[in-house]
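To start, the structure under review is shown below, and the notes come after it.
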Amino acid sequence: MISNKSRLDRFISRQTHIKRSDVRALLAQGRVTVDGEVATDVALVINQFAVVVVDGRCLPAKKPRYIMLNKPAGVVSATKDGCHTTVIDLLERGDRDQLHIPGRLDFNSTGLILLTNDGHWSRQLSLPDRQIAKVYTVTVA
């Protein structure tokens, strides 16, 4: 499993090919910002969506994605299924393998389903102690 967090010095080194020991100097000189704040700690842990700028150059970061999809009946609320079409199969996106579903609808149900690459947001929606209300309308024959 790929970690969603990284130490600042490792992230900068990977993105710029600057030695980690040289990253310390950049930080000491105030040449690095994280989410708009000057960074000074090489061991600062940043998340996958942090905006890191070195000498005015924004380093590539993952962008959070939030997708609303009207799930049709006969489609599985899953990312993979060997027998049925999944909600992921309905998407024509290059990043669809990075998405997950913070909720489920039954196979024969239709309605709004959310997909995201933001695990923190997804957990906040799903945790019972957050008490986020969900409304369902059911029609029966």
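Within each chain, counting starts at residue 1; across the structure tokens, chains are named A, B, ... in the order shown, with ligands numbered 1 upward in that order.
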
Per residue of region 104-138 of chain A within 8 Å of region 42-64 of chain A, note the shortest atom pair and the distance in Å to one decimal, counting only C-alpha atoms, and order the rows by chain and increasing residue number, as a tab-separated table.
residue	atom	partner	partner_atom	distance
A:Thr116	CA	A:Pro64	CA	7.3
A:Asn117	CA	A:Pro64	CA	6.1
A:Asp118	CA	A:Pro64	CA	5.7

Next, the residues of the selection above should be written as an mmCIF file, in the first residue's frame with C-alpha atoms.
data_model
loop_
_atom_site.group_PDB
_atom_site.id
_atom_site.type_symbol
_atom_site.label_atom_id
_atom_site.label_comp_id
_atom_site.auth_asym_id
_atom_site.auth_seq_id
_atom_site.Cartn_x
_atom_site.Cartn_y
_atom_site.Cartn_z
ATOM 1 C CA THR A 116 -12.792 10.047 -4.252
ATOM 2 C CA ASN A 117 -9.040 9.648 -3.896
ATOM 3 C CA ASP A 118 -9.154 11.508 -0.553
#

| request: Would you kindly return, as a list in words, each protein, DNA or RNA residue with an atom no farther than 9 Å from any atom of Pro102 (chain A), considering only C-alpha atoms and excluding same-chain residues fewer than 4 positions away? | output: Ile113, Leu114, Leu115, Thr116, Gly119, Trp121, Ser122, Arg123, Leu125 and Ser126 of chain A

Take the selection from the previous step and output its residues with N, CA and C atoms, as a PDB file, in the first residue's frame.
ATOM      1  N   ILE A 113     -23.850   8.174  -5.961  1.00  0.00           N
ATOM      2  CA  ILE A 113     -22.733   7.496  -5.304  1.00  0.00           C
ATOM      3  C   ILE A 113     -21.533   8.424  -5.418  1.00  0.00           C
ATOM      4  N   LEU A 114     -20.732   8.491  -4.379  1.00  0.00           N
ATOM      5  CA  LEU A 114     -19.560   9.361  -4.352  1.00  0.00           C
ATOM      6  C   LEU A 114     -18.303   8.534  -4.539  1.00  0.00           C
ATOM      7  N   LEU A 115     -17.343   9.091  -5.252  1.00  0.00           N
ATOM      8  CA  LEU A 115     -16.034   8.471  -5.436  1.00  0.00           C
ATOM      9  C   LEU A 115     -14.975   9.528  -5.149  1.00  0.00           C
ATOM     10  N   THR A 116     -13.836   9.099  -4.598  1.00  0.00           N
ATOM     11  CA  THR A 116     -12.792  10.047  -4.252  1.00  0.00           C
ATOM     12  C   THR A 116     -11.437   9.357  -4.175  1.00  0.00           C
ATOM     13  N   GLY A 119      -8.738   9.801   1.109  1.00  0.00           N
ATOM     14  CA  GLY A 119      -9.086   8.858   2.169  1.00  0.00           C
ATOM     15  C   GLY A 119      -9.572   9.522   3.439  1.00  0.00           C
ATOM     16  N   TRP A 121     -11.198  12.433   3.795  1.00  0.00           N
ATOM     17  CA  TRP A 121     -12.568  12.886   3.559  1.00  0.00           C
ATOM     18  C   TRP A 121     -13.532  11.709   3.575  1.00  0.00           C
ATOM     19  N   SER A 122     -13.135  10.637   2.931  1.00  0.00           N
ATOM     20  CA  SER A 122     -13.956   9.437   2.856  1.00  0.00           C
ATOM     21  C   SER A 122     -14.239   8.876   4.253  1.00  0.00           C
ATOM     22  N   ARG A 123     -13.197   8.788   5.080  1.00  0.00           N
ATOM     23  CA  ARG A 123     -13.381   8.276   6.450  1.00  0.00           C
ATOM     24  C   ARG A 123     -14.308   9.187   7.251  1.00  0.00           C
ATOM     25  N   LEU A 125     -16.749  10.936   6.204  1.00  0.00           N
ATOM     26  CA  LEU A 125     -18.130  10.688   5.779  1.00  0.00           C
ATOM     27  C   LEU A 125     -18.678   9.389   6.351  1.00  0.00           C
ATOM     28  N   SER A 126     -17.819   8.405   6.479  1.00  0.00           N
ATOM     29  CA  SER A 126     -18.258   7.046   6.800  1.00  0.00           C
ATOM     30  C   SER A 126     -18.288   6.710   8.283  1.00  0.00           C
TER      31      SER A 126
END

| task | Check chain A with DSSP on the backbone and list each residue it calls helix (DSSP H, G or I), as an MDAnalysis selection string. | result | chainID A and resid 8:16 20:28 88:90 96:98 119:126 128:130

Written file, previous selection with C-alpha atoms, as a PDB file, in the first residue's frame:
ATOM      1  CA  LEU A   8       9.184  16.883   3.658  1.00  0.00           C
ATOM      2  CA  ASP A   9      12.874  16.266   2.936  1.00  0.00           C
ATOM      3  CA  ARG A  10      12.133  12.957   1.213  1.00  0.00           C
ATOM      4  CA  PHE A  11       9.335  14.455  -0.856  1.00  0.00           C
ATOM      5  CA  ILE A  12      11.483  17.371  -2.057  1.00  0.00           C
ATOM      6  CA  SER A  13      14.422  15.074  -2.792  1.00  0.00           C
ATOM      7  CA  ARG A  14      12.233  12.708  -4.847  1.00  0.00           C
ATOM      8  CA  GLN A  15      10.624  15.528  -6.808  1.00  0.00           C
ATOM      9  CA  THR A  16      13.760  17.613  -7.493  1.00  0.00           C
ATOM     10  CA  ARG A  20      18.312  15.297   1.281  1.00  0.00           C
ATOM     11  CA  SER A  21      21.276  16.918   3.019  1.00  0.00           C
ATOM     12  CA  ASP A  22      20.956  19.868   0.597  1.00  0.00           C
ATOM     13  CA  VAL A  23      17.233  20.118   1.319  1.00  0.00           C
ATOM     14  CA  ARG A  24      18.157  21.059   4.898  1.00  0.00           C
ATOM     15  CA  ALA A  25      20.005  24.116   3.557  1.00  0.00           C
ATOM     16  CA  LEU A  26      16.980  25.149   1.476  1.00  0.00           C
ATOM     17  CA  LEU A  27      14.807  24.990   4.571  1.00  0.00           C
ATOM     18  CA  ALA A  28      17.308  26.925   6.683  1.00  0.00           C
ATOM     19  CA  ILE A  88     -15.422   2.438 -11.631  1.00  0.00           C
ATOM     20  CA  ASP A  89     -16.031   0.728 -14.982  1.00  0.00           C
ATOM     21  CA  LEU A  90     -18.491   3.515 -15.844  1.00  0.00           C
ATOM     22  CA  ARG A  96      -9.897   5.784 -11.861  1.00  0.00           C
ATOM     23  CA  ASP A  97      -7.589   3.167 -10.305  1.00  0.00           C
ATOM     24  CA  GLN A  98      -6.879   5.663  -7.484  1.00  0.00           C
ATOM     25  CA  GLY A 119      -9.086   8.858   2.169  1.00  0.00           C
ATOM     26  CA  HIS A 120      -9.399  11.364   5.022  1.00  0.00           C
ATOM     27  CA  TRP A 121     -12.568  12.886   3.559  1.00  0.00           C
ATOM     28  CA  SER A 122     -13.956   9.437   2.856  1.00  0.00           C
ATOM     29  CA  ARG A 123     -13.381   8.276   6.450  1.00  0.00           C
ATOM     30  CA  GLN A 124     -14.998  11.428   7.823  1.00  0.00           C
ATOM     31  CA  LEU A 125     -18.130  10.688   5.779  1.00  0.00           C
ATOM     32  CA  SER A 126     -18.258   7.046   6.800  1.00  0.00           C
ATOM     33  CA  PRO A 128     -20.567   6.400  12.629  1.00  0.00           C
ATOM     34  CA  ASP A 129     -19.421   8.752  15.417  1.00  0.00           C
ATOM     35  CA  ARG A 130     -19.471  11.677  12.921  1.00  0.00           C
TER      36      ARG A 130
END

| remark: Computed gap from CA of Arg7 (chain A) to CA of Gly30 (chain A) is 17.2 Å

| task | as a PyMOL selection string, list the residues of region 3-118 of chain A assigned to strand (DSSP E or B) by DSSP on the backbone atoms of this structure. | result | chain A and resi 5-7+32-34+37-38+45-47+52-54+57-58+66-71+76+86+100+111-116

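Once Leu112 (chain A) and its same-chain neighbours fewer than 4 positions away are set aside, Met68, Leu69, Asn70 and Lys71 of chain A remain within 8 Å of it when counting only C-alpha atoms.
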
| task | Find the residues around Val87 (chain A) up to 8 Å (only C-alpha atoms counted), leave out those fewer than 4 positions away in its own chain, and share them as a count of residues only. | result | 7

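The residue that comes closest to Lys80 (chain A), out of A:Arg65, A:His100, A:Arg93, A:His17 and on the basis of only C-alpha atoms, is A:His100.
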
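Minimum atom-to-atom distance to Gly74 (chain A), evaluated using only C-alpha atoms, belongs to A:Thr110 out of A:Ser6, A:Gln29, A:Thr40, A:Thr110.
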
| said: What's the separation between CA of Gln131 (chain A) and CA of Leu99 (chain A), in Å to one decimal place? | reply: 23.7 Å

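Interatomic distance, CA of Ala73 (chain A) against CA of Thr86 (chain A): 10.8 Å.
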